file work-v8.txt (compact mmCIF, C-alpha atoms)
# COMPACT_ATOMS: atom_id res chain seq x y z
CA MET C 1 0.00 0.00 0.00
CA THR C 2 1.24 3.49 -0.76
CA SER C 3 2.39 5.65 2.10
CA HIS C 4 -0.05 8.55 1.73
CA GLU C 5 -2.95 6.23 2.30
CA LYS C 6 -4.38 6.49 5.79
CA THR C 7 -5.74 3.53 7.65
CA VAL C 8 -8.65 3.55 10.07
CA LYS C 9 -8.18 0.91 12.78
CA VAL C 10 -11.23 -0.84 14.18
CA GLY C 11 -11.18 -2.44 17.64
CA MET C 12 -12.96 -5.53 18.95
CA ALA C 13 -16.76 -5.40 18.77
CA ASP C 14 -16.45 -2.03 17.09
CA MET C 15 -17.34 -0.45 13.74
CA ASP C 16 -15.90 2.42 11.73
CA TYR C 17 -15.65 3.67 8.15
CA CYS C 18 -13.15 5.24 5.76
CA LEU C 19 -13.48 7.38 2.65
CA ALA C 20 -11.55 7.08 -0.63
CA PRO C 21 -8.60 6.74 -1.09
CA ASN C 22 -8.00 5.48 2.42
CA GLY C 23 -8.10 2.07 4.01
CA ILE C 24 -9.71 0.40 6.99
CA GLY C 25 -8.48 -2.58 8.95
CA THR C 26 -8.62 -4.61 12.12
CA SER C 27 -5.97 -6.71 13.89
CA GLY C 28 -5.81 -10.10 15.51
CA LEU C 29 -9.00 -11.74 14.31
CA GLY C 30 -9.39 -15.23 15.72
CA SER C 31 -12.92 -16.60 15.83
CA CYS C 32 -14.10 -13.03 15.26
CA VAL C 33 -15.15 -12.05 11.74
CA ALA C 34 -14.47 -8.78 9.93
CA ILE C 35 -17.35 -7.74 7.68
CA ILE C 36 -16.64 -4.98 5.17
CA ILE C 37 -19.35 -3.34 3.07
CA TYR C 38 -18.59 -0.85 0.28
CA PRO C 39 -20.21 0.43 -2.90
CA ALA C 40 -18.67 -0.64 -6.22
CA ASN C 41 -17.52 2.93 -6.92
CA GLY C 42 -15.26 2.72 -3.88
CA ALA C 43 -16.37 5.97 -2.25
CA VAL C 44 -16.67 4.59 1.26
CA ALA C 45 -16.13 1.37 3.19
CA ALA C 46 -17.42 0.36 6.61
CA LEU C 47 -15.93 -2.46 8.68
CA ALA C 48 -17.29 -4.27 11.73
CA HIS C 49 -15.20 -6.53 14.00
CA VAL C 50 -17.91 -9.07 14.86
CA MET C 51 -17.43 -11.32 17.90
CA LEU C 52 -20.66 -13.29 18.08
CA PRO C 53 -23.32 -14.53 15.67
CA GLU C 54 -26.67 -13.21 16.91
CA ALA C 55 -27.61 -10.41 19.28
CA SER C 56 -30.42 -12.58 20.65
CA ILE C 57 -27.92 -14.80 22.49
CA ARG C 58 -26.62 -11.95 24.61
CA ARG C 59 -27.16 -12.19 28.37
CA SER C 60 -26.43 -8.68 29.47
CA ASP C 61 -28.03 -5.34 28.76
CA ASP C 62 -24.98 -3.77 27.21
CA PHE C 63 -25.45 -3.87 23.51
CA LYS C 64 -23.01 -2.98 20.79
CA ARG C 65 -24.53 -3.58 17.36
CA ALA C 66 -21.11 -4.15 15.81
CA LYS C 67 -20.46 -7.06 18.18
CA TYR C 68 -23.05 -9.38 16.60
CA ALA C 69 -23.14 -10.41 12.93
CA ASP C 70 -26.90 -10.01 12.51
CA THR C 71 -26.97 -6.46 13.92
CA ALA C 72 -23.62 -5.44 12.42
CA VAL C 73 -24.74 -5.77 8.79
CA PRO C 74 -27.67 -3.29 9.10
CA LEU C 75 -25.36 -0.95 11.03
CA LEU C 76 -22.75 -1.12 8.25
CA LEU C 77 -25.46 -0.41 5.65
CA GLU C 78 -26.70 2.62 7.57
CA THR C 79 -23.14 3.90 7.83
CA VAL C 80 -22.35 3.43 4.14
CA HIS C 81 -25.64 5.07 3.12
CA ARG C 82 -24.71 8.21 5.03
CA PHE C 83 -22.37 8.85 2.09
CA GLY C 84 -24.73 7.63 -0.58
CA PRO C 85 -27.46 6.86 -1.20
CA PHE C 86 -26.22 3.87 -3.15
CA ARG C 87 -28.40 1.53 -5.13
CA LYS C 88 -28.53 -1.86 -3.50
CA ALA C 89 -27.00 -3.52 -6.57
CA MET C 90 -23.91 -1.37 -6.09
CA LEU C 91 -23.03 -2.76 -2.70
CA ARG C 92 -20.34 -5.37 -2.15
CA ALA C 93 -18.95 -7.22 0.84
CA LYS C 94 -15.74 -8.92 1.94
CA ILE C 95 -15.39 -11.12 4.98
CA ALA C 96 -12.44 -12.64 6.85
CA GLY C 97 -11.80 -14.43 10.14
CA GLY C 98 -13.87 -17.07 11.91
CA ALA C 99 -10.94 -19.35 12.77
CA ASN C 100 -11.13 -22.21 15.25
CA MET C 101 -8.13 -21.32 17.41
CA PHE C 102 -8.51 -23.84 20.25
CA LYS C 103 -9.19 -27.05 18.38
CA ARG C 104 -8.81 -29.31 21.40
CA LEU C 105 -10.93 -27.20 23.77
CA SER C 106 -13.66 -26.90 21.18
CA THR C 107 -14.27 -30.63 21.64
CA VAL C 108 -14.93 -30.01 25.36
CA ASP C 109 -16.90 -26.81 24.97
CA PRO C 110 -19.00 -26.43 21.80
CA MET C 111 -19.14 -22.68 22.44
CA MET C 112 -15.47 -22.62 21.46
CA LYS C 113 -16.53 -23.39 17.88
CA ILE C 114 -17.99 -19.92 17.69
CA GLY C 115 -15.89 -19.07 14.62
CA GLU C 116 -17.99 -21.34 12.37
CA ARG C 117 -21.20 -19.83 13.69
CA ASN C 118 -19.86 -16.33 13.17
CA ILE C 119 -19.09 -17.11 9.51
CA GLU C 120 -22.53 -18.60 8.93
CA ALA C 121 -24.28 -15.68 10.61
CA ALA C 122 -22.26 -13.13 8.63
CA LYS C 123 -23.05 -14.89 5.34
CA GLN C 124 -26.73 -15.16 6.22
CA ALA C 125 -27.02 -11.51 7.19
CA LEU C 126 -25.33 -10.46 3.93
CA GLU C 127 -27.54 -12.77 1.91
CA GLU C 128 -30.65 -11.32 3.53
CA ALA C 129 -29.41 -7.86 2.64
CA ASN C 130 -28.71 -9.09 -0.90
CA ILE C 131 -25.06 -8.09 -0.84
CA PRO C 132 -22.65 -10.33 -2.77
CA ILE C 133 -19.49 -11.50 -1.01
CA MET C 134 -16.54 -10.69 -3.27
CA THR C 135 -13.85 -12.10 -0.97
CA ASP C 136 -14.22 -14.80 1.66
CA VAL C 137 -11.10 -15.60 3.70
CA THR C 138 -12.66 -17.48 6.60
CA GLY C 139 -12.21 -20.64 8.63
CA GLY C 140 -8.97 -22.46 9.34
CA ASN C 141 -7.12 -22.09 12.63
CA GLU C 142 -4.91 -19.06 12.24
CA GLY C 143 -5.20 -15.52 13.55
CA ARG C 144 -5.56 -12.84 10.87
CA SER C 145 -5.10 -9.10 10.50
CA VAL C 146 -6.95 -7.48 7.63
CA LEU C 147 -6.75 -4.22 5.71
CA PHE C 148 -9.21 -3.15 3.05
CA SER C 149 -8.00 -0.48 0.64
CA LEU C 150 -10.51 1.70 -1.19
CA LYS C 151 -7.89 2.50 -3.84
CA ASP C 152 -8.08 -0.89 -5.49
CA GLN C 153 -10.72 -2.57 -3.32
CA SER C 154 -8.19 -5.18 -2.28
CA LEU C 155 -8.25 -6.97 1.03
CA SER C 156 -4.84 -7.77 2.49
CA VAL C 157 -4.82 -10.59 5.00
CA ARG C 158 -1.80 -11.18 7.23
CA THR C 159 -1.13 -14.35 9.23
CA ILE C 160 1.97 -15.15 11.30
CA GLN C 161 2.75 -18.30 9.31
CA GLY C 162 1.66 -17.20 5.86
CA GLY C 163 2.66 -13.53 5.70
CA THR C 164 0.50 -11.06 3.79
CA LYS C 165 -1.71 -12.02 0.88
CA PHE C 166 -3.98 -9.83 -1.23
CA TYR C 167 -7.49 -10.77 -2.21
CA MET T 168 -20.92 -7.98 34.23
CA ILE T 169 -18.41 -9.35 36.69
CA ILE T 170 -17.84 -7.03 39.60
CA ILE T 171 -15.22 -8.30 42.02
CA ARG T 172 -14.61 -6.11 45.06
CA GLN T 173 -11.17 -5.05 46.23
CA ASP T 174 -11.27 -7.18 49.41
CA GLU T 175 -12.23 -10.18 47.27
CA LEU T 176 -9.33 -9.50 44.91
CA GLU T 177 -7.03 -9.50 47.96
CA LYS T 178 -8.20 -12.99 48.83
CA ILE T 179 -7.74 -14.15 45.24
CA ARG T 180 -4.22 -12.73 45.42
CA GLU T 181 -3.61 -14.86 48.51
CA ILE T 182 -4.90 -17.99 46.75
CA SER T 183 -2.77 -17.12 43.71
CA ASN T 184 0.36 -16.70 45.84
CA ILE T 185 -0.06 -20.17 47.27
CA GLY T 186 -1.23 -21.72 43.99
CA LEU T 187 1.59 -20.38 41.87
CA GLY T 188 4.03 -21.21 44.69
CA HIS T 189 2.94 -24.83 44.40
CA ALA T 190 3.16 -24.59 40.63
CA ALA T 191 6.75 -23.32 40.88
CA THR T 192 7.66 -26.17 43.23
CA SER T 193 6.26 -28.77 40.82
CA LEU T 194 8.09 -27.16 37.95
CA SER T 195 11.36 -27.02 39.90
CA ARG T 196 11.07 -30.73 40.69
CA LEU T 197 10.28 -31.68 37.14
CA LEU T 198 13.08 -29.62 35.67
CA ASN T 199 15.44 -30.10 38.60
CA MET T 200 16.23 -26.43 38.70
CA PRO T 201 15.10 -23.49 40.79
CA CYS T 202 11.93 -21.83 39.64
CA LYS T 203 10.04 -19.12 41.46
CA MET T 204 6.80 -17.48 40.58
CA THR T 205 5.72 -14.34 42.37
CA VAL T 206 2.36 -12.63 42.16
CA PRO T 207 2.80 -8.89 41.77
CA ALA T 208 -0.73 -7.90 40.84
CA VAL T 209 -4.29 -9.10 40.93
CA ALA T 210 -6.91 -6.90 39.32
CA SER T 211 -10.19 -6.89 37.51
CA THR T 212 -9.49 -6.42 33.81
CA GLY T 213 -11.46 -5.76 30.64
CA PHE T 214 -10.91 -7.86 27.50
CA ASP T 215 -9.38 -4.91 25.62
CA GLU T 216 -6.89 -4.45 28.41
CA ILE T 217 -5.96 -8.16 28.34
CA VAL T 218 -4.97 -7.83 24.67
CA ALA T 219 -3.06 -4.61 25.41
CA LEU T 220 -1.17 -6.22 28.32
CA ALA T 221 -0.18 -9.12 26.09
CA GLY T 222 1.50 -6.62 23.74
CA GLY T 223 -1.31 -5.60 21.39
CA PRO T 224 -3.56 -7.57 19.02
CA GLU T 225 -0.79 -8.61 16.61
CA LYS T 226 1.89 -9.57 19.15
CA GLU T 227 2.85 -13.23 18.89
CA VAL T 228 2.04 -14.99 22.16
CA ALA T 229 1.62 -18.44 23.61
CA ALA T 230 -1.83 -18.87 25.13
CA ILE T 231 -2.69 -21.93 27.18
CA SER T 232 -6.32 -22.28 28.12
CA LEU T 233 -8.32 -24.75 30.17
CA LYS T 234 -11.82 -25.06 31.57
CA MET T 235 -12.53 -25.19 35.29
CA GLU T 236 -15.44 -27.50 35.93
CA GLY T 237 -17.51 -28.68 38.89
CA ALA T 238 -18.90 -26.49 41.68
CA PHE T 239 -17.07 -23.54 40.17
CA ARG T 240 -17.05 -23.13 36.40
CA GLY T 241 -14.86 -20.86 34.39
CA THR T 242 -11.88 -20.52 32.08
CA MET T 243 -8.22 -20.14 32.94
CA LEU T 244 -5.94 -18.51 30.47
CA PHE T 245 -2.16 -18.32 30.72
CA ILE T 246 -0.33 -15.96 28.35
CA PHE T 247 3.35 -15.24 27.77
CA PRO T 248 5.47 -13.97 24.87
CA ALA T 249 6.01 -16.57 22.13
CA THR T 250 9.75 -15.86 22.21
CA HIS T 251 9.98 -18.09 25.32
CA VAL T 252 8.35 -21.11 23.74
CA SER T 253 11.43 -22.78 22.31
CA SER T 254 13.32 -22.37 25.58
CA ILE T 255 10.46 -23.91 27.57
CA VAL T 256 10.16 -26.83 25.17
CA TRP T 257 13.90 -27.32 25.32
CA GLN T 258 13.92 -27.26 29.15
CA LEU T 259 11.12 -29.81 29.30
CA THR T 260 12.15 -32.22 26.59
CA GLY T 261 15.76 -31.49 25.75
CA ALA T 262 14.60 -31.30 22.18
CA SER T 263 14.85 -28.26 20.02
CA THR T 264 11.65 -28.71 18.22
CA GLU T 265 9.47 -26.79 15.88
CA PHE T 266 6.32 -25.86 17.67
CA MET T 267 3.07 -27.64 16.84
CA GLU T 268 5.01 -30.58 15.49
CA GLY T 269 3.94 -33.14 18.06
CA ILE T 270 6.36 -33.01 20.95
CA GLY T 271 6.48 -29.22 21.18
CA TYR T 272 2.73 -28.98 21.45
CA SER T 273 2.59 -31.77 24.04
CA ALA T 274 5.38 -30.22 26.08
CA LEU T 275 3.64 -26.87 26.21
CA CYS T 276 0.34 -28.53 27.15
CA GLU T 277 2.15 -30.30 29.96
CA PHE T 278 3.80 -27.04 31.03
CA GLY T 279 0.33 -25.50 31.26
CA ASN T 280 -1.05 -28.58 32.96
CA ILE T 281 1.57 -28.47 35.73
CA ILE T 282 1.22 -24.78 36.43
CA MET T 283 -2.52 -24.36 35.99
CA GLY T 284 -3.28 -27.76 37.50
CA ALA T 285 -1.39 -26.77 40.67
CA TYR T 286 -3.26 -23.48 40.70
CA VAL T 287 -6.66 -25.13 40.31
CA ALA T 288 -5.84 -27.69 43.04
CA THR T 289 -4.93 -24.89 45.45
CA PHE T 290 -7.99 -22.91 44.44
CA ALA T 291 -10.17 -25.95 45.21
CA ASP T 292 -8.38 -26.56 48.48
CA VAL T 293 -8.60 -23.01 49.83
CA THR T 294 -12.14 -22.25 48.68
CA GLN T 295 -13.33 -25.78 49.54
CA LEU T 296 -15.07 -25.89 46.20
CA HIS T 297 -15.03 -29.09 44.24
CA VAL T 298 -13.23 -27.99 41.07
CA ARG T 299 -11.41 -29.97 38.43
CA SER T 300 -9.62 -28.80 35.33
CA SER T 301 -10.06 -29.96 31.75
CA ILE T 302 -7.21 -30.83 29.44
CA PRO T 303 -5.40 -27.65 28.39
CA ASP T 304 -5.06 -26.42 24.85
CA VAL T 305 -2.25 -24.30 23.43
CA VAL T 306 -2.23 -21.70 20.70
CA ILE T 307 0.72 -19.70 19.44
CA ASP T 308 -0.56 -16.85 17.37
CA MET T 309 -1.58 -13.20 17.44
CA ALA T 310 -2.63 -12.10 20.93
CA GLY T 311 -5.93 -10.69 19.71
CA ALA T 312 -6.88 -13.94 18.00
CA ALA T 313 -5.81 -16.24 20.85
CA ILE T 314 -7.32 -14.17 23.65
CA THR T 315 -10.67 -13.33 22.14
CA SER T 316 -11.16 -16.91 20.98
CA SER T 317 -10.57 -18.20 24.49
CA LEU T 318 -12.80 -15.63 26.16
CA LEU T 319 -15.55 -15.31 23.57
CA PRO T 320 -17.97 -17.77 25.10
CA LEU T 321 -17.90 -15.54 28.19
CA SER T 322 -18.20 -12.26 26.33
CA LEU T 323 -21.91 -13.00 26.12
CA TYR T 324 -22.17 -11.87 29.69
CA GLY T 325 -19.60 -9.18 30.11
CA GLU T 326 -16.04 -8.40 29.23
CA GLU T 327 -14.13 -8.69 32.43
CA ALA T 328 -11.67 -11.17 33.87
CA ILE T 329 -9.52 -11.47 36.98
CA LEU T 330 -5.91 -10.78 36.11
CA ILE T 331 -3.17 -12.55 38.05
CA GLN T 332 0.16 -11.22 36.91
CA THR T 333 3.27 -13.22 37.70
CA ASP T 334 7.02 -12.99 37.29
CA PHE T 335 8.92 -16.16 36.53
CA ASN T 336 12.28 -15.97 38.31
CA ASP T 337 15.46 -18.04 38.32
CA TRP T 338 14.13 -20.25 35.60
CA ALA T 339 17.58 -21.69 35.13
CA GLU T 340 20.82 -20.56 36.69
CA ASP T 341 22.93 -20.94 33.62
CA LYS T 342 20.36 -19.52 31.29
CA PRO T 343 18.25 -16.96 33.08
CA GLU T 344 14.92 -16.78 31.37
CA ARG T 345 12.96 -14.23 33.28
CA PHE T 346 9.65 -13.32 31.90
CA GLN T 347 6.38 -11.92 32.93
CA ALA T 348 3.27 -13.95 32.37
CA GLN T 349 -0.38 -13.25 32.84
CA PHE T 350 -2.98 -15.60 34.16
CA TYR T 351 -6.65 -14.89 33.85
CA LEU T 352 -9.43 -16.40 35.83
CA ILE T 353 -12.75 -15.91 34.11
CA PRO T 354 -15.69 -17.20 36.13
CA GLU T 355 -18.89 -18.12 34.34
CA PRO T 356 -21.65 -15.76 35.50
CA ASP T 357 -23.41 -18.44 37.55
CA SER T 358 -20.16 -19.14 39.37
CA ILE T 359 -19.50 -15.59 40.56
CA ASP T 360 -21.79 -15.90 43.55
CA VAL T 361 -20.33 -19.32 44.31
CA LEU T 362 -16.86 -17.78 44.35
CA ARG T 363 -18.02 -14.80 46.40
CA THR T 364 -19.55 -17.04 49.09
CA ALA T 365 -16.45 -19.22 49.19
CA LEU T 366 -14.20 -16.17 49.57
CA GLN T 367 -16.33 -14.89 52.44
CA GLY T 368 -15.65 -18.15 54.24
CA MET T 369 -11.91 -17.52 54.00
CA PRO T 370 -10.15 -15.86 56.94
CA SER T 371 -9.06 -12.36 55.94

call {"tool": "encode", "arguments": {"input": "work-v8.txt", "output": "structure tokens"}}
result
Amino acid sequence: MTSHEKTVKVGMADMDYCLAPNGIGTSGLGSCVAIIIYPANGAVAALAHVMLPEASIRRSDDFKRAKYADTAVPLLLETVHRFGPFRKAMLRAKIAGGANMFKRLSTVDPMMKIGERNIEAAKQALEEANIPIMTDVTGGNEGRSVLFSLKDQSLSVRTIQGGTKFY
Amino acid sequence: MIIIRQDELEKIREISNIGLGHAATSLSRLLNMPCKMTVPAVASTGFDEIVALAGGPEKEVAAISLKMEGAFRGTMLFIFPATHVSSIVWQLTGASTEFMEGIGYSALCEFGNIIMGAYVATFADVTQLHVRSSIPDVVIDMAGAAITSSLLPLSLYGEEAILIQTDFNDWAEDKPERFQAQFYLIPEPDSIDVLRTALQGMPS
């Protein structure tokens, strides 16, 4: 990525956006999933660092919409549309994350397989919103850091073992 | 949301002092070399802070996690910089091994088992709660990925854990490997009251 490009960093269970020609990223995704929504003209991109599949499973009153896949997608759409409006057919998505980090513990505690459920929930929410997934770098058992660039709409995914790859 | 009071944290510090003392003794015996573990801090910590203390979301760490089951249920997480992994594996097995290739993984699991097992046994003893620990699991990866994945099932309820910070001292005389490690005790919500009652029964 070129040096003049700025990067917006998104924390756990959080959401933010960037405008062209900048980038937006999040670090250290394990079972969490990053969902990025952007219009095809690349004017804006919004990213959510999703931790859990559905808001309905929460047990406490505190409620961050970006934390759950099913509430994050509408939140991302609202955010993107602040810079639009964009026709629905213009919108695109990229997703990454959803690893199964603790393979052995996930046999003891099914809740540890939350990565798979996060991926499914993200895909379902995007399907319901009719947004095609252009890049899907999910599953496996490695941590990932991602950076989406509005310049070329590429998603760079870094892992400790595999280095950085562009999608 | 977990809310642990200061006087309760003091008691957990006391348990941790004894528990990690026992862990150090077991480790010293196994390795036949002096090993001390001191407990400098016990605090209530948010998930974001856990990742920050481990060196940030992308820092490469070793994370060993196990489940506490029985009368008290929760997760224990043990985190230290990944740079110490090869030395630990070497100390335990005498093998310089690539991690995750069989023996390295097993050695680290056993390392976690000795330390966290001793801790859980002391915890059970002092609180008089019937607690056992599951098999541990090890991950060496980005801190953000390892930590959130271990704590996620509990993030349904809140985002707080009990931090037990420790210094490893005199790991080996000829090759001093001092490092700071963090332990986290994350009670399941239903177990917080169980813990609270047990702590009240402890002499202060």

call {"tool": "interface_residues", "arguments": {"input": "work-v8.txt", "of": "chain C", "to": "chain T", "cutoff": "7 Å", "atoms": "all atoms listed in the file", "output": "list in words"}}
result
Ser27, Gly28, Leu29, Gly30, Ser31, Arg58, Arg59, Ser60, Met101, Phe102, Arg104, Leu105, Met111, Met112, Gly143 and Ile160 of chain C

call {"tool": "closest_residue", "arguments": {"input": "work-v8.txt", "among": "C:Gly23, C:Tyr17, C:Val108, C:Gly163", "to": "C:Thr79", "atoms": "only C-alpha atoms"}}
result
C:Tyr17

call {"tool": "closest_residue", "arguments": {"input": "work-v8.txt", "among": "C:Tyr68, C:Tyr38, C:Phe63, C:Phe148", "to": "C:Arg87", "atoms": "only C-alpha atoms"}}
result
C:Tyr38

call {"tool": "residues_around", "arguments": {"input": "work-v8.txt", "residues": "stretch 246-255 of chain T", "least_positions_apart": "2", "cutoff": "7 Å", "atoms": "all atoms listed in the file", "output": "list in words"}}
result
Glu227, Val228, Ala229, Ala230, Ile231, Leu244, Trp257, Gln258, Leu259, Ser263, Ile307, Gln347, Ala348, Gln349 and Phe350 of chain T

call {"tool": "closest_residue", "arguments": {"input": "work-v8.txt", "among": "T:Tyr286, T:Met235, T:Ile179, T:Phe245", "to": "T:Ala210", "atoms": "only C-alpha atoms"}}
result
T:Ile179

call {"tool": "atom_distance", "arguments": {"input": "work-v8.txt", "atom1": "atom CA of C:Ser106", "atom2": "atom CA of T:Tyr351"}}
result
18.8 Å

call {"tool": "residues_around", "arguments": {"input": "work-v8.txt", "residues": "T:Val361", "least_positions_apart": "3", "cutoff": "10 Å", "atoms": "only C-alpha atoms", "output": "CSV table (one decimal) with C-alpha atoms, keeping the file's coordinate frame"}}
result
chain,number,residue,atom,x,y,z
T,238,ALA,CA,-18.9,-26.5,41.7
T,239,PHE,CA,-17.1,-23.5,40.2
T,240,ARG,CA,-17.0,-23.1,36.4
T,294,THR,CA,-12.1,-22.2,48.7
T,296,LEU,CA,-15.1,-25.9,46.2
T,354,PRO,CA,-15.7,-17.2,36.1
T,356,PRO,CA,-21.6,-15.8,35.5
T,357,ASP,CA,-23.4,-18.4,37.6
T,358,SER,CA,-20.2,-19.1,39.4
T,364,THR,CA,-19.6,-17.0,49.1
T,365,ALA,CA,-16.4,-19.2,49.2
T,366,LEU,CA,-14.2,-16.2,49.6

call {"tool": "residues_around", "arguments": {"input": "work-v8.txt", "residues": "C:Met15", "least_positions_apart": "5", "cutoff": "9 Å", "atoms": "all atoms listed in the file", "output": "MDAnalysis selection string"}}
result
chainID C and resid 10 46:50 65:67 72 75:76

call {"tool": "axis_aligned_box", "arguments": {"input": "work-v8.txt", "around": "stretch 7-21 of chain C", "padding_each_side": "4 Å", "output": "AutoDock Vina command-line options"}}
result
--center_x -11.5 --center_y 0.9 --center_z 8.9 --size_x 19.6 --size_y 20.9 --size_z 28.0

call {"tool": "residues_near_point", "arguments": {"input": "work-v8.txt", "point": "(2.0, -26.9, 38.7)", "cutoff": "7 Å", "atoms": "only C-alpha atoms", "output": "PyMOL selection string"}}
result
chain T and resi 189-191+193-194+280-286

call {"tool": "closest_residue", "arguments": {"input": "work-v8.txt", "among": "T:Ala328, T:Phe335, T:Leu362, T:Glu355", "to": "T:Lys203", "atoms": "all atoms listed in the file"}}
result
T:Phe335

call {"tool": "atom_distance", "arguments": {"input": "work-v8.txt", "atom1": "atom CA of T:Arg172", "atom2": "atom CA of T:Ser211"}}
result
8.8 Å

call {"tool": "atom_distance", "arguments": {"input": "work-v8.txt", "atom1": "atom CA of C:Gly97", "atom2": "atom CA of C:Glu142"}}
result
8.6 Å

call {"tool": "closest_residue", "arguments": {"input": "work-v8.txt", "among": "T:Leu197, T:Ala262, T:Ala291, T:Met369", "to": "T:Phe278", "atoms": "all atoms listed in the file"}}
result
T:Leu197

call {"tool": "build_atoms", "arguments": {"input": "work-v8.txt", "residues": "stretch 62-77 of chain C", "atoms": "N, CA and C atoms", "output": "mmCIF file, keeping the file's coordinate frame"}}
result
data_model
loop_
_atom_site.group_PDB
_atom_site.id
_atom_site.type_symbol
_atom_site.label_atom_id
_atom_site.label_comp_id
_atom_site.auth_asym_id
_atom_site.auth_seq_id
_atom_site.Cartn_x
_atom_site.Cartn_y
_atom_site.Cartn_z
ATOM 1 N N ASP C 62 -25.849 -4.577 28.069
ATOM 2 C CA ASP C 62 -24.980 -3.770 27.210
ATOM 3 C C ASP C 62 -25.066 -4.317 25.794
ATOM 4 N N PHE C 63 -25.132 -3.421 24.851
ATOM 5 C CA PHE C 63 -25.450 -3.870 23.510
ATOM 6 C C PHE C 63 -24.716 -3.018 22.495
ATOM 7 N N LYS C 64 -23.726 -3.657 21.869
ATOM 8 C CA LYS C 64 -23.010 -2.980 20.790
ATOM 9 C C LYS C 64 -23.435 -3.682 19.508
ATOM 10 N N ARG C 65 -24.017 -2.925 18.582
ATOM 11 C CA ARG C 65 -24.530 -3.580 17.360
ATOM 12 C C ARG C 65 -23.412 -4.202 16.545
ATOM 13 N N ALA C 66 -22.209 -3.635 16.611
ATOM 14 C CA ALA C 66 -21.110 -4.150 15.810
ATOM 15 C C ALA C 66 -20.599 -5.500 16.336
ATOM 16 N N LYS C 67 -20.981 -5.844 17.559
ATOM 17 C CA LYS C 67 -20.460 -7.060 18.180
ATOM 18 C C LYS C 67 -21.092 -8.328 17.608
ATOM 19 N N TYR C 68 -22.318 -8.207 17.083
ATOM 20 C CA TYR C 68 -23.050 -9.380 16.600
ATOM 21 C C TYR C 68 -23.248 -9.294 15.085
ATOM 22 N N ALA C 69 -23.055 -10.410 14.393
ATOM 23 C CA ALA C 69 -23.140 -10.410 12.930
ATOM 24 C C ALA C 69 -24.484 -9.908 12.433
ATOM 25 N N ASP C 70 -25.573 -10.355 13.054
ATOM 26 C CA ASP C 70 -26.900 -10.010 12.510
ATOM 27 C C ASP C 70 -27.267 -8.544 12.726
ATOM 28 N N THR C 71 -26.684 -7.893 13.734
ATOM 29 C CA THR C 71 -26.970 -6.460 13.920
ATOM 30 C C THR C 71 -25.889 -5.600 13.271
ATOM 31 N N ALA C 72 -24.722 -6.202 13.016
ATOM 32 C CA ALA C 72 -23.620 -5.440 12.420
ATOM 33 C C ALA C 72 -23.921 -5.082 10.960
ATOM 34 N N VAL C 73 -24.504 -6.015 10.213
ATOM 35 C CA VAL C 73 -24.740 -5.770 8.790
ATOM 36 C C VAL C 73 -25.681 -4.567 8.570
ATOM 37 N N PRO C 74 -26.836 -4.503 9.246
ATOM 38 C CA PRO C 74 -27.670 -3.290 9.100
ATOM 39 C C PRO C 74 -26.947 -2.016 9.525
ATOM 40 N N LEU C 75 -26.119 -2.115 10.563
ATOM 41 C CA LEU C 75 -25.360 -0.950 11.030
ATOM 42 C C LEU C 75 -24.371 -0.483 9.957
ATOM 43 N N LEU C 76 -23.696 -1.449 9.322
ATOM 44 C CA LEU C 76 -22.750 -1.120 8.250
ATOM 45 C C LEU C 76 -23.485 -0.456 7.081
ATOM 46 N N LEU C 77 -24.675 -0.985 6.752
ATOM 47 C CA LEU C 77 -25.460 -0.410 5.650
ATOM 48 C C LEU C 77 -25.857 1.022 5.958
#
